[in-house]
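J.: Sharing start_22.txt (compact mmCIF, C-alpha atoms and all ligand atoms) below.
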```
# COMPACT_ATOMS: atom_id res chain seq x y z
CA ALA V 264 158.94 62.76 156.16
CA ALA V 265 155.84 60.60 156.64
CA LYS V 266 155.51 57.45 154.53
CA PRO V 267 153.08 57.71 151.61
CA VAL V 268 149.70 56.16 152.25
CA THR V 269 147.92 54.30 149.46
CA VAL V 270 144.28 55.29 149.08
CA THR V 271 142.03 53.27 146.78
CA LEU V 272 138.76 54.77 145.58
CA THR V 273 136.21 52.73 143.65
CA GLY V 274 133.66 54.50 141.50
CA ALA V 275 136.33 57.13 140.99
CA GLY V 276 134.71 58.40 137.79
CA GLY V 277 131.37 59.04 139.50
CA GLN V 278 129.89 62.04 141.25
CA ILE V 279 130.94 61.27 144.82
CA GLY V 280 134.36 60.33 143.48
CA TYR V 281 134.69 63.76 141.91
CA ALA V 282 133.75 65.44 145.18
CA LEU V 283 136.14 63.23 147.17
CA LEU V 284 139.31 63.11 145.15
CA PHE V 285 140.38 66.75 145.44
CA ARG V 286 139.81 66.71 149.17
CA ILE V 287 141.85 63.53 149.58
CA ALA V 288 144.69 64.88 147.46
CA SER V 289 144.75 68.22 149.26
CA GLY V 290 145.33 66.57 152.63
CA GLN V 291 141.86 66.73 154.14
CA LEU V 292 141.63 62.97 154.59
CA LEU V 293 144.89 62.13 156.33
CA GLY V 294 146.28 65.51 157.28
CA PRO V 295 148.66 68.05 155.80
CA ASP V 296 151.82 65.96 156.29
CA VAL V 297 150.87 62.62 154.77
CA PRO V 298 151.78 61.97 151.12
CA ILE V 299 149.13 60.11 149.14
CA ARG V 300 149.29 57.52 146.41
CA LEU V 301 145.90 57.41 144.74
CA ARG V 302 144.44 54.38 143.01
CA MET V 303 141.24 55.04 141.13
CA LEU V 304 139.22 51.93 140.26
CA GLU V 305 136.48 52.04 137.65
CA ILE V 306 134.62 49.75 135.32
CA PRO V 307 135.25 50.33 131.60
CA SER V 308 132.25 52.65 131.17
CA GLY V 309 133.55 54.96 133.91
CA ALA V 310 137.25 54.78 133.08
CA ALA V 311 137.35 57.86 130.82
CA ALA V 312 135.68 60.05 133.44
CA ALA V 313 138.20 58.81 136.00
CA ALA V 314 141.09 59.43 133.61
CA GLY V 315 139.87 62.98 133.03
CA THR V 316 139.67 63.59 136.75
CA ALA V 317 143.21 62.26 137.08
CA LEU V 318 144.34 64.93 134.60
CA GLU V 319 142.67 67.60 136.69
CA LEU V 320 144.31 66.24 139.84
CA GLN V 321 147.66 66.66 138.11
CA ASP V 322 146.69 70.21 137.21
CA CYS V 323 146.13 71.02 140.88
CA ALA V 324 149.83 70.35 141.59
CA PHE V 325 148.98 69.12 145.08
CA PRO V 326 152.29 68.79 146.94
CA LEU V 327 151.06 65.71 148.84
CA LEU V 328 149.95 63.78 145.79
CA HIS V 329 152.76 61.37 144.97
CA SER V 330 151.03 59.32 142.31
CA VAL V 331 147.70 58.74 140.61
CA ASP V 332 146.75 55.53 138.85
CA VAL V 333 143.50 54.83 137.06
CA THR V 334 142.73 51.16 136.59
CA THR V 335 139.96 48.68 135.88
CA ASP V 336 142.01 45.86 137.44
CA LEU V 337 141.08 44.83 140.97
CA ALA V 338 144.48 43.42 141.92
CA GLU V 339 146.23 46.60 140.77
CA ALA V 340 143.70 48.79 142.55
CA PHE V 341 144.05 47.13 145.95
CA ASP V 342 147.75 46.18 145.91
CA GLY V 343 149.23 47.54 149.13
CA THR V 344 146.22 49.71 149.89
CA ASN V 345 145.95 51.24 153.35
CA VAL V 346 142.66 53.06 152.93
CA ALA V 347 139.87 51.72 150.71
CA LEU V 348 136.85 53.86 149.93
CA LEU V 349 134.31 51.61 148.20
CA VAL V 350 131.96 54.08 146.54
CA GLY V 351 131.13 52.45 143.19
CA SER V 352 128.14 50.14 143.24
CA ARG V 353 125.19 49.06 141.18
CA PRO V 354 122.24 51.39 141.75
CA ARG V 355 118.70 50.07 141.78
CA GLY V 356 117.36 50.28 138.22
CA PRO V 357 113.73 50.46 137.11
CA GLY V 358 111.83 47.30 137.99
CA MET V 359 114.81 45.82 139.81
CA GLU V 360 113.86 43.60 142.74
CA ARG V 361 115.82 43.66 145.96
CA GLY V 362 117.21 40.21 145.20
CA ASP V 363 118.54 41.44 141.84
CA LEU V 364 120.13 44.44 143.53
CA LEU V 365 121.82 42.30 146.18
CA GLN V 366 122.96 39.86 143.52
CA ALA V 367 124.42 42.62 141.32
CA ASN V 368 126.28 44.12 144.26
CA GLY V 369 127.44 40.74 145.47
CA THR V 370 129.34 40.35 142.23
CA ILE V 371 131.04 43.70 142.91
CA PHE V 372 131.81 43.52 146.64
CA GLY V 373 132.70 39.82 146.80
CA PRO V 374 135.61 40.14 144.35
CA GLN V 375 136.66 43.47 145.89
CA GLY V 376 136.79 41.83 149.33
CA ALA V 377 138.86 39.00 147.86
CA ALA V 378 141.26 41.48 146.22
CA ILE V 379 141.66 43.30 149.54
CA ASN V 380 142.32 39.97 151.24
CA GLU V 381 144.96 39.17 148.66
CA GLY V 382 146.80 42.42 148.27
CA ALA V 383 145.98 45.11 150.81
CA ALA V 384 148.37 46.36 153.47
CA ASP V 385 148.17 44.86 156.97
CA ASP V 386 146.62 48.03 158.36
CA VAL V 387 143.92 48.32 155.67
CA ARG V 388 140.74 50.16 156.61
CA VAL V 389 137.66 49.84 154.42
CA VAL V 390 134.55 51.99 154.30
CA VAL V 391 131.68 51.05 152.01
CA VAL V 392 129.63 53.97 150.69
CA GLY V 393 127.93 52.26 147.73
CA ASN V 394 124.44 51.05 148.55
CA PRO V 395 123.14 48.87 150.09
CA ALA V 396 126.21 49.88 152.10
CA ASN V 397 125.85 47.74 155.24
CA THR V 398 125.22 44.53 153.36
CA ASN V 399 127.87 45.31 150.75
CA ALA V 400 130.35 45.64 153.63
CA LEU V 401 129.16 42.31 155.02
CA ILE V 402 129.78 40.69 151.63
CA ALA V 403 133.25 42.24 151.26
CA ALA V 404 134.27 41.16 154.77
CA ALA V 405 133.05 37.61 154.10
CA HIS V 406 135.46 37.40 151.16
CA ALA V 407 138.44 38.62 153.19
CA PRO V 408 138.96 35.89 155.81
CA ASP V 409 142.54 37.01 156.55
CA VAL V 410 141.59 40.62 157.27
CA PRO V 411 140.21 41.30 160.77
CA SER V 412 136.49 41.97 160.33
CA ASP V 413 136.70 45.21 162.29
CA ARG V 414 138.52 46.71 159.28
CA PHE V 415 135.26 46.60 157.30
CA THR V 416 132.78 49.39 157.93
CA ALA V 417 129.89 51.10 156.15
CA LEU V 418 129.10 54.79 156.07
CA THR V 419 126.34 56.15 158.30
CA ARG V 420 128.23 59.36 159.02
CA LEU V 421 126.15 61.22 156.46
CA ASP V 422 123.03 60.25 158.40
CA HIS V 423 124.77 61.31 161.62
CA ASN V 424 125.73 64.67 160.16
CA ARG V 425 122.23 65.15 158.76
CA ALA V 426 120.80 64.53 162.24
CA LEU V 427 123.20 67.08 163.75
CA GLY V 428 122.42 69.64 161.08
CA LEU V 429 118.64 69.30 161.42
CA LEU V 430 118.79 69.37 165.20
CA ALA V 431 121.02 72.45 165.21
CA ALA V 432 118.67 74.25 162.84
CA HIS V 433 115.62 73.36 164.94
CA LEU V 434 117.25 74.52 168.18
CA GLU V 435 118.91 77.51 166.48
CA LEU V 436 122.27 76.49 167.88
CA PRO V 437 125.64 75.91 166.22
CA VAL V 438 126.29 72.23 165.48
CA GLY V 439 129.40 72.37 167.66
CA GLN V 440 127.28 72.72 170.79
CA LEU V 441 125.57 69.36 170.22
CA SER V 442 126.85 65.98 171.34
CA GLY V 443 125.70 62.42 171.90
CA VAL V 444 123.62 61.85 168.76
CA THR V 445 123.51 58.27 167.42
CA ILE V 446 122.40 56.61 164.20
CA TRP V 447 121.46 52.97 164.80
CA GLY V 448 120.96 50.16 162.30
CA ASN V 449 120.89 50.22 158.53
CA HIS V 450 121.78 53.07 156.15
CA SER V 451 118.24 53.02 154.80
CA ALA V 452 114.88 54.53 155.64
CA THR V 453 114.64 52.16 158.65
CA GLN V 454 117.64 53.77 160.37
CA TYR V 455 117.01 55.20 163.82
CA PRO V 456 118.47 58.62 164.65
CA ASP V 457 118.53 58.66 168.48
CA VAL V 458 118.76 61.86 170.54
CA PHE V 459 117.89 60.33 173.93
CA HIS V 460 121.53 60.64 175.05
CA ALA V 461 122.19 63.86 173.19
CA GLN V 462 122.92 67.19 174.80
CA ALA V 463 123.11 70.83 173.82
CA ASN V 464 125.74 72.47 175.99
CA GLY V 465 125.02 69.97 178.75
CA THR V 466 121.21 70.23 178.59
CA PRO V 467 119.50 66.98 177.55
CA ILE V 468 117.95 67.35 174.11
CA THR V 469 114.83 65.64 175.43
CA ASP V 470 114.28 68.73 177.62
CA LEU V 471 114.41 70.94 174.52
CA VAL V 472 112.24 69.09 172.00
CA ASP V 473 108.97 67.20 172.39
CA GLU V 474 108.29 63.62 171.48
CA ALA V 475 105.80 64.55 168.74
CA TRP V 476 108.50 66.53 166.92
CA LEU V 477 110.95 63.66 167.29
CA GLN V 478 108.50 61.06 166.10
CA ASN V 479 106.74 62.96 163.32
CA GLU V 480 109.40 65.29 161.98
CA PHE V 481 112.96 64.66 163.06
CA ILE V 482 113.22 60.89 162.75
CA PRO V 483 111.48 60.54 159.37
CA ARG V 484 113.22 63.61 157.96
CA VAL V 485 116.70 62.31 158.81
CA ALA V 486 115.81 58.85 157.53
CA LYS V 487 114.39 60.23 154.25
CA ARG V 488 116.82 63.10 153.79
CA GLY V 489 118.37 61.45 150.75
CA ALA V 490 114.98 61.52 148.98
CA GLU V 491 114.45 65.14 150.09
CA ILE V 492 117.78 66.14 148.53
CA ILE V 493 116.83 64.39 145.28
CA ALA V 494 113.43 66.11 145.24
CA VAL V 495 114.82 69.59 145.90
CA ARG V 496 118.17 69.44 144.14
CA GLY V 497 117.22 67.18 141.29
CA GLY V 498 120.07 64.82 142.05
CA SER V 499 121.34 62.64 144.87
CA SER V 500 123.60 63.79 147.71
CA VAL V 501 127.14 64.16 146.46
CA ALA V 502 129.31 66.70 148.30
CA SER V 503 127.71 65.89 151.66
CA ALA V 504 128.31 62.18 151.05
CA ALA V 505 131.94 62.87 150.17
CA ASN V 506 132.27 65.06 153.25
CA ALA V 507 130.90 62.31 155.49
CA THR V 508 133.28 59.78 153.94
CA ILE V 509 136.19 62.08 154.77
CA ASP V 510 134.89 62.57 158.34
CA HIS V 511 134.52 58.81 158.85
CA MET V 512 137.97 57.85 157.62
CA ARG V 513 139.83 60.84 159.07
CA GLN V 514 138.52 60.10 162.55
CA TRP V 515 139.02 56.35 162.21
CA VAL V 516 142.70 56.93 161.46
CA GLY V 517 143.25 59.97 163.66
CA GLY V 518 140.80 59.53 166.53
CA THR V 519 137.35 60.94 167.19
CA GLY V 520 138.90 64.12 168.51
CA SER V 521 140.65 64.90 165.22
CA GLY V 522 139.27 67.54 162.95
CA ARG V 523 136.71 70.25 163.29
CA ASP V 524 133.72 68.50 164.79
CA GLY V 525 134.81 65.52 166.78
CA SER V 526 135.90 66.91 170.11
CA ASP V 527 135.08 64.62 172.99
CA ARG V 528 133.02 66.91 175.20
CA ASP V 529 133.17 65.48 178.72
CA GLY V 530 132.98 61.94 177.43
CA VAL V 531 129.44 62.39 176.10
CA ASP V 532 130.38 62.82 172.50
CA TRP V 533 130.79 60.17 169.89
CA THR V 534 129.95 59.66 166.26
CA SER V 535 128.13 56.96 164.28
CA ALA V 536 129.53 54.28 162.02
CA ALA V 537 128.31 50.92 160.78
CA VAL V 538 130.73 48.34 162.16
CA VAL V 539 130.66 44.57 162.54
CA SER V 540 128.54 43.94 165.61
CA ASP V 541 130.03 42.15 168.61
CA GLY V 542 126.54 41.58 169.97
CA SER V 543 126.36 44.96 171.75
CA TYR V 544 122.86 46.35 172.39
CA GLY V 545 121.26 43.11 171.26
CA VAL V 546 122.42 43.49 167.64
CA PRO V 547 123.32 39.98 166.45
CA ALA V 548 127.08 39.51 166.21
CA GLY V 549 128.44 39.67 162.68
CA LEU V 550 125.88 42.11 161.25
CA VAL V 551 127.27 45.40 159.93
CA SER V 552 125.11 47.83 161.87
CA SER V 553 125.41 51.46 162.88
CA PHE V 554 126.33 52.18 166.50
CA PRO V 555 127.56 55.04 168.65
CA VAL V 556 131.34 54.76 168.25
CA ARG V 557 134.58 56.42 169.26
CA SER V 558 137.85 55.92 167.45
CA VAL V 559 140.52 54.96 169.96
CA ASN V 560 144.06 54.01 168.93
CA GLY V 561 142.97 53.59 165.34
CA CYS V 562 140.02 51.29 166.09
CA TRP V 563 136.30 51.99 166.26
CA GLU V 564 134.97 51.15 169.73
CA ILE V 565 131.25 50.83 170.33
CA VAL V 566 130.21 53.17 173.15
CA GLN V 567 128.92 50.91 175.92
CA GLY V 568 126.41 51.25 178.70
CA LEU V 569 123.79 53.55 177.17
CA ALA V 570 120.31 52.92 178.58
CA ILE V 571 117.90 52.11 175.76
CA GLU V 572 114.29 53.09 176.42
CA GLU V 573 111.34 51.31 174.81
CA PHE V 574 110.90 54.15 172.28
CA SER V 575 114.40 53.48 170.99
CA ARG V 576 114.37 49.70 171.40
CA VAL V 577 111.55 49.09 168.94
CA ARG V 578 113.15 51.36 166.36
CA ILE V 579 116.62 49.82 166.68
CA ASP V 580 115.09 46.35 166.46
CA ALA V 581 113.12 47.26 163.31
CA SER V 582 116.23 48.45 161.48
CA VAL V 583 118.26 45.46 162.67
CA ALA V 584 115.45 43.18 161.44
CA GLU V 585 115.98 44.65 157.97
CA LEU V 586 119.72 43.95 158.21
CA ILE V 587 118.96 40.35 159.21
CA GLU V 588 116.68 40.01 156.17
CA GLU V 589 119.37 41.38 153.87
CA ARG V 590 121.96 39.04 155.39
CA ASP V 591 119.66 36.06 154.98
CA ALA V 592 118.96 37.08 151.38
CA VAL V 593 122.64 37.29 150.43
CA ARG V 594 123.24 34.01 152.26
CA ALA V 595 120.49 32.35 150.25
CA LEU V 596 122.09 33.72 147.07
CA GLY V 597 125.42 32.19 148.12
CA LEU V 598 127.10 35.60 148.28
CA ILE V 599 128.44 35.14 151.82
P1 LIG D 1 127.67 57.61 140.29
O1 LIG D 1 126.77 56.74 139.48
O2 LIG D 1 127.88 59.02 139.89
O3 LIG D 1 129.12 56.94 140.37
C1 LIG D 1 129.30 55.60 140.63
C2 LIG D 1 130.52 55.15 139.84
O4 LIG D 1 130.85 53.83 140.25
C3 LIG D 1 130.30 55.12 138.33
O5 LIG D 1 131.30 55.90 137.70
C4 LIG D 1 130.43 53.64 137.99
O6 LIG D 1 131.05 53.44 136.73
C5 LIG D 1 131.32 53.16 139.12
N1 LIG D 1 131.26 51.72 139.37
C6 LIG D 1 130.18 50.90 139.27
N2 LIG D 1 130.55 49.64 139.52
C7 LIG D 1 131.86 49.66 139.81
C8 LIG D 1 132.80 48.64 140.14
N3 LIG D 1 132.44 47.35 140.21
N4 LIG D 1 134.08 49.01 140.38
C9 LIG D 1 134.45 50.31 140.29
N5 LIG D 1 133.61 51.30 139.95
C10 LIG D 1 132.33 50.98 139.73
O7 LIG D 1 127.12 57.49 141.79
P2 LIG D 1 127.48 58.41 143.05
O8 LIG D 1 126.52 59.53 143.13
O9 LIG D 1 128.93 58.70 143.05
O10 LIG D 1 127.10 57.40 144.24
C11 LIG D 1 127.86 56.24 144.49
C12 LIG D 1 127.19 55.34 145.50
O11 LIG D 1 127.04 55.99 146.75
C13 LIG D 1 125.78 54.88 145.12
O12 LIG D 1 125.66 53.49 145.39
C14 LIG D 1 124.89 55.63 146.09
O13 LIG D 1 123.70 54.94 146.35
C15 LIG D 1 125.78 55.68 147.30
N6 LIG D 1 125.46 56.67 148.33
C16 LIG D 1 125.66 56.32 149.63
C17 LIG D 1 125.47 57.19 150.67
C18 LIG D 1 125.76 56.80 152.08
O14 LIG D 1 125.53 57.62 152.97
N7 LIG D 1 126.21 55.59 152.39
C19 LIG D 1 124.95 58.57 150.40
C20 LIG D 1 125.19 59.05 149.02
C21 LIG D 1 124.99 58.00 147.95
O15 LIG D 1 123.62 57.90 147.66
```
Could I get this file's structure written as structure tokens?
T.:
Amino acid sequence: AAKPVTVTLTGAGGQIGYALLFRIASGQLLGPDVPIRLRMLEIPSGAAAAAGTALELQDCAFPLLHSVDVTTDLAEAFDGTNVALLVGSRPRGPGMERGDLLQANGTIFGPQGAAINEGAADDVRVVVVGNPANTNALIAAAHAPDVPSDRFTALTRLDHNRALGLLAAHLELPVGQLSGVTIWGNHSATQYPDVFHAQANGTPITDLVDEAWLQNEFIPRVAKRGAEIIAVRGGSSVASAANATIDHMRQWVGGTGSGRDGSDRDGVDWTSAAVVSDGSYGVPAGLVSSFPVRSVNGCWEIVQGLAIEEFSRVRIDASVAELIEERDAVRALGLI
């Protein structure tokens, strides 16, 4: 039998937590053969909601679920963890300046990074979902000097999936016929969803859509989809965010080809994840930025050699400029 894997979820009493936990425990994260030990981290105000969810998890009698612990203690939460899903964060409140937001999150992700450094398993993989996700991942990595920095990532898979979904609807094609879409930069409204290397059944997407549609509809709609969901649904993205978190971690562990939507069609397909830059595509090394990536042997590899046209270059640079600003701001605050 496979060895149990310890999965730590922060913000476990929140909305995305509720949408994630049952999928994790049912085997959708790591497959139908891998037993799970769940650690649910909350702050005191969220602990009761997490404890209630833990009761429901018990009531599902999931065969793979070996244990469930709810805790408000960082060391307990991250002791021996293999997979860390950092969802809980401090949302922007009314009148809150960006500096206040970065400061508030620095006090969350710094100590969490340190606890991962101290107690996590050697193979730990971390994905930050809580916003501002890229910079929160940067902060966590900075507090975990003994953990290779490539183990710290931030989620842009929801943006990637949104781009696929909108493109498929526009072209009236199933999502599975699309490949080669990329989200570049920050998980924010400056992100750049790039279809210049994308294909539909081997036909370049740029032959199927015009530049005006890309520029005026597709790009802004993907980038502002979170706000659209809030406007229409009356609440932020929850199940789609949980789904993207599952996609990200499942493929990181199991390879890009694992699961329903990650087949590597003739080498043109990849997905998107925010990873620590190695300087590829002119993104300064050390920034946590979204790239086209494939998961190979359990590691995210940035897809190399894509030609970047001027249209894309200015948009990638604009989003990276925002990441640089955020990095400089958290540096000035002494958070990294
Ligand atoms: P909720 O407010 O429902 O849940 C967040 C939970 O985190 C709360 O229960 C809170 O008590 C807990 N929490 C806060 N600080 C904590 C800490 N230091 N340790 C442990 N738990 C802590 O928000 P939810 O809708 O679940 O969203 C969670 C985060 O995901 C938000 O930051 C949100 O902005 C972010 N999102 C990121 C997305 C992405 O694609 N990267 C998309 C969806 C989502 O907007």
J.: Which residues, written as JSON, numbers by chain, have at least one atom at most 6 Å from range 277-283 of chain V, with all atoms listed in the file counted and residues fewer than 3 positions away on the same chain left out?
T.: {"V": [274, 286, 501, 502, 505]}
J.: Could you check which of V:Gly290, V:Gly362, V:Gly498, V:Gly443 is closest to ligand LIG 1 (chain D), using all atoms listed in the file?
T.: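 Answer, going by the shortest atom-to-atom distance: V:Gly498.
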J.: Between CA of Phe325 in chain V and CA of Ser289 in chain V, what is the distance, to one decimal in Å?
T.: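 The value is 6.0 Å.
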J.: Return as a CSV table (one decimal) with C-alpha atoms, keeping the file's coordinate frame every polymer residue, whether protein, DNA or RNA, with at least one atom no more than 7 Å from an atom of ligand LIG 1 (chain D); count all atoms listed in the file.
T.:
```csv
chain,number,residue,atom,x,y,z
V,273,THR,CA,136.2,52.7,143.6
V,274,GLY,CA,133.7,54.5,141.5
V,275,ALA,CA,136.3,57.1,141.0
V,276,GLY,CA,134.7,58.4,137.8
V,277,GLY,CA,131.4,59.0,139.5
V,278,GLN,CA,129.9,62.0,141.2
V,279,ILE,CA,130.9,61.3,144.8
V,280,GLY,CA,134.4,60.3,143.5
V,304,LEU,CA,139.2,51.9,140.3
V,305,GLU,CA,136.5,52.0,137.6
V,306,ILE,CA,134.6,49.8,135.3
V,308,SER,CA,132.2,52.6,131.2
V,309,GLY,CA,133.6,55.0,133.9
V,350,VAL,CA,132.0,54.1,146.5
V,351,GLY,CA,131.1,52.4,143.2
V,352,SER,CA,128.1,50.1,143.2
V,353,ARG,CA,125.2,49.1,141.2
V,354,PRO,CA,122.2,51.4,141.8
V,371,ILE,CA,131.0,43.7,142.9
V,392,VAL,CA,129.6,54.0,150.7
V,393,GLY,CA,127.9,52.3,147.7
V,394,ASN,CA,124.4,51.0,148.6
V,396,ALA,CA,126.2,49.9,152.1
V,417,ALA,CA,129.9,51.1,156.2
V,418,LEU,CA,129.1,54.8,156.1
V,419,THR,CA,126.3,56.2,158.3
V,420,ARG,CA,128.2,59.4,159.0
V,421,LEU,CA,126.2,61.2,156.5
V,422,ASP,CA,123.0,60.2,158.4
V,450,HIS,CA,121.8,53.1,156.2
V,499,SER,CA,121.3,62.6,144.9
V,500,SER,CA,123.6,63.8,147.7
V,501,VAL,CA,127.1,64.2,146.5
V,504,ALA,CA,128.3,62.2,151.0
```
J.: Using CA of Pro307 in chain V and CA of Ala288 in chain V as the two end points, give the distance in Å to one decimal.
T.: 23.5 Å
J.: Could you give me, as an MDAnalysis selection string, the residues that have an atom at most 9 Å away from the point (124.4, 73.3, 172.7) in the coordinates of the file, using all atoms listed in the file?
T.: chainID V and resid 431 434 436:442 462:466 468
J.: Kindly give the distance, in Å, that separates CA of Glu572 in chain V and CA of Gln454 in chain V, rounded to a single decimal.
T.: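 Result for CA of Glu572 in chain V versus CA of Gln454 in chain V: 16.4 Å, one decimal.
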J.: Fewer than 4 positions away in the same chain doesn't count, so skip those; otherwise give me all residues within 12 Å of Gln567 in chain V, counting all atoms listed in the file, as a PDB file with C-alpha atoms, in the coordinates of the input.
T.:
```pdb
ATOM      1  CA  GLY V 530     132.980  61.940 177.430  1.00  0.00           C
ATOM      2  CA  VAL V 531     129.440  62.390 176.100  1.00  0.00           C
ATOM      3  CA  TRP V 533     130.790  60.170 169.890  1.00  0.00           C
ATOM      4  CA  ASP V 541     130.030  42.150 168.610  1.00  0.00           C
ATOM      5  CA  GLY V 542     126.540  41.580 169.970  1.00  0.00           C
ATOM      6  CA  SER V 543     126.360  44.960 171.750  1.00  0.00           C
ATOM      7  CA  TYR V 544     122.860  46.350 172.390  1.00  0.00           C
ATOM      8  CA  GLY V 545     121.260  43.110 171.260  1.00  0.00           C
ATOM      9  CA  PHE V 554     126.330  52.180 166.500  1.00  0.00           C
ATOM     10  CA  PRO V 555     127.560  55.040 168.650  1.00  0.00           C
ATOM     11  CA  VAL V 556     131.340  54.760 168.250  1.00  0.00           C
ATOM     12  CA  ARG V 557     134.580  56.420 169.260  1.00  0.00           C
ATOM     13  CA  ILE V 571     117.900  52.110 175.760  1.00  0.00           C
TER      14      ILE V 571
END
```
J.: Measuring between only C-alpha atoms, which one of V:Ala310, V:Phe285, V:Pro395, V:Glu381 shows the shortest distance to Arg355 in chain V?
T.: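 Of V:Ala310, V:Phe285, V:Pro395, V:Glu381, the one nearest Arg355 in chain V, counting only C-alpha atoms, is V:Pro395.
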J.: Just checking: using all atoms listed in the file, which residue out of V:Ala570, V:Ile599, V:Ala311, V:Leu477 ends up closest to Gly549 in chain V?
T.: V:Ile599
J.: Which residues, written as an MDAnalysis selection string, have at least one atom at most 12 Å from Ala595 in chain V, with all atoms listed in the file counted and residues fewer than 5 positions away on the same chain left out?
T.: chainID V and resid 362 365:366 369 588:590
J.: Write to file, as an mmCIF file, in the frame of the given file, the residues of the selection just made, with C-alpha atoms.
T.:
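And here's result20.cif as it stands now:
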```cif
data_model
loop_
_atom_site.group_PDB
_atom_site.id
_atom_site.type_symbol
_atom_site.label_atom_id
_atom_site.label_comp_id
_atom_site.auth_asym_id
_atom_site.auth_seq_id
_atom_site.Cartn_x
_atom_site.Cartn_y
_atom_site.Cartn_z
ATOM 1 C CA GLY V 362 117.210 40.210 145.200
ATOM 2 C CA LEU V 365 121.820 42.300 146.180
ATOM 3 C CA GLN V 366 122.960 39.860 143.520
ATOM 4 C CA GLY V 369 127.440 40.740 145.470
ATOM 5 C CA GLU V 588 116.680 40.010 156.170
ATOM 6 C CA GLU V 589 119.370 41.380 153.870
ATOM 7 C CA ARG V 590 121.960 39.040 155.390
#
```
J.: Applying 12 Å and all atoms listed in the file, which residues near Thr534 in chain V remain after dropping the ones on its own chain fewer than 2 positions away? List them as a ChimeraX atom specification.
T.: /V:418-424,426-427,441-447,456-457,461,507,510-512,514-515,518-521,524-528,530-532,536-537,553-558,563-566
J.: With distances taken over all atoms listed in the file, which residue among V:Val297, V:Val551, V:Met303, V:Ile587 lies nearest Pro326 in chain V?
T.: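 The closest residue to Pro326 in chain V is V:Val297.
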J.: Could you tell me which of V:Asn397, V:Ser503, V:Thr453, V:Gln478 comes closest to Val538 in chain V if we count all atoms listed in the file?
T.: V:Asn397
J.: Measuring between all atoms listed in the file, which one of V:Arg488, V:Arg576, V:Arg513, V:Arg496 shows the shortest distance to Gly561 in chain V?
T.: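 Closest to Gly561 in chain V, using all atoms listed in the file: V:Arg513.
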J.: Could you complete range 416-427 of chain V so that it carries N, CA and C atoms, and give it back as a tab-separated table (two decimals), keeping the file's coordinate frame?
T.:
```tsv
chain	number	residue	atom	x	y	z
V	416	THR	N	133.83	48.53	157.38
V	416	THR	CA	132.78	49.39	157.93
V	416	THR	C	131.90	49.89	156.78
V	417	ALA	N	130.75	50.43	157.15
V	417	ALA	CA	129.89	51.10	156.15
V	417	ALA	C	129.57	52.50	156.67
V	418	LEU	N	129.29	53.38	155.73
V	418	LEU	CA	129.10	54.79	156.07
V	418	LEU	C	127.69	55.07	156.58
V	419	THR	N	127.59	55.52	157.83
V	419	THR	CA	126.34	56.15	158.30
V	419	THR	C	126.65	57.55	158.83
V	420	ARG	N	127.85	58.02	158.56
V	420	ARG	CA	128.23	59.36	159.02
V	420	ARG	C	127.41	60.45	158.34
V	421	LEU	N	127.00	60.20	157.10
V	421	LEU	CA	126.15	61.22	156.46
V	421	LEU	C	124.83	61.34	157.22
V	422	ASP	N	124.27	60.21	157.62
V	422	ASP	CA	123.03	60.25	158.40
V	422	ASP	C	123.27	60.96	159.73
V	423	HIS	N	124.40	60.67	160.35
V	423	HIS	CA	124.77	61.31	161.62
V	423	HIS	C	124.89	62.83	161.44
V	424	ASN	N	125.56	63.23	160.40
V	424	ASN	CA	125.73	64.67	160.16
V	424	ASN	C	124.41	65.34	159.81
V	425	ARG	N	123.56	64.61	159.07
V	425	ARG	CA	122.23	65.15	158.76
V	425	ARG	C	121.44	65.38	160.04
V	426	ALA	N	121.52	64.41	160.96
V	426	ALA	CA	120.80	64.53	162.24
V	426	ALA	C	121.31	65.75	163.01
V	427	LEU	N	122.62	65.91	163.06
V	427	LEU	CA	123.20	67.08	163.75
V	427	LEU	C	122.74	68.38	163.12
```
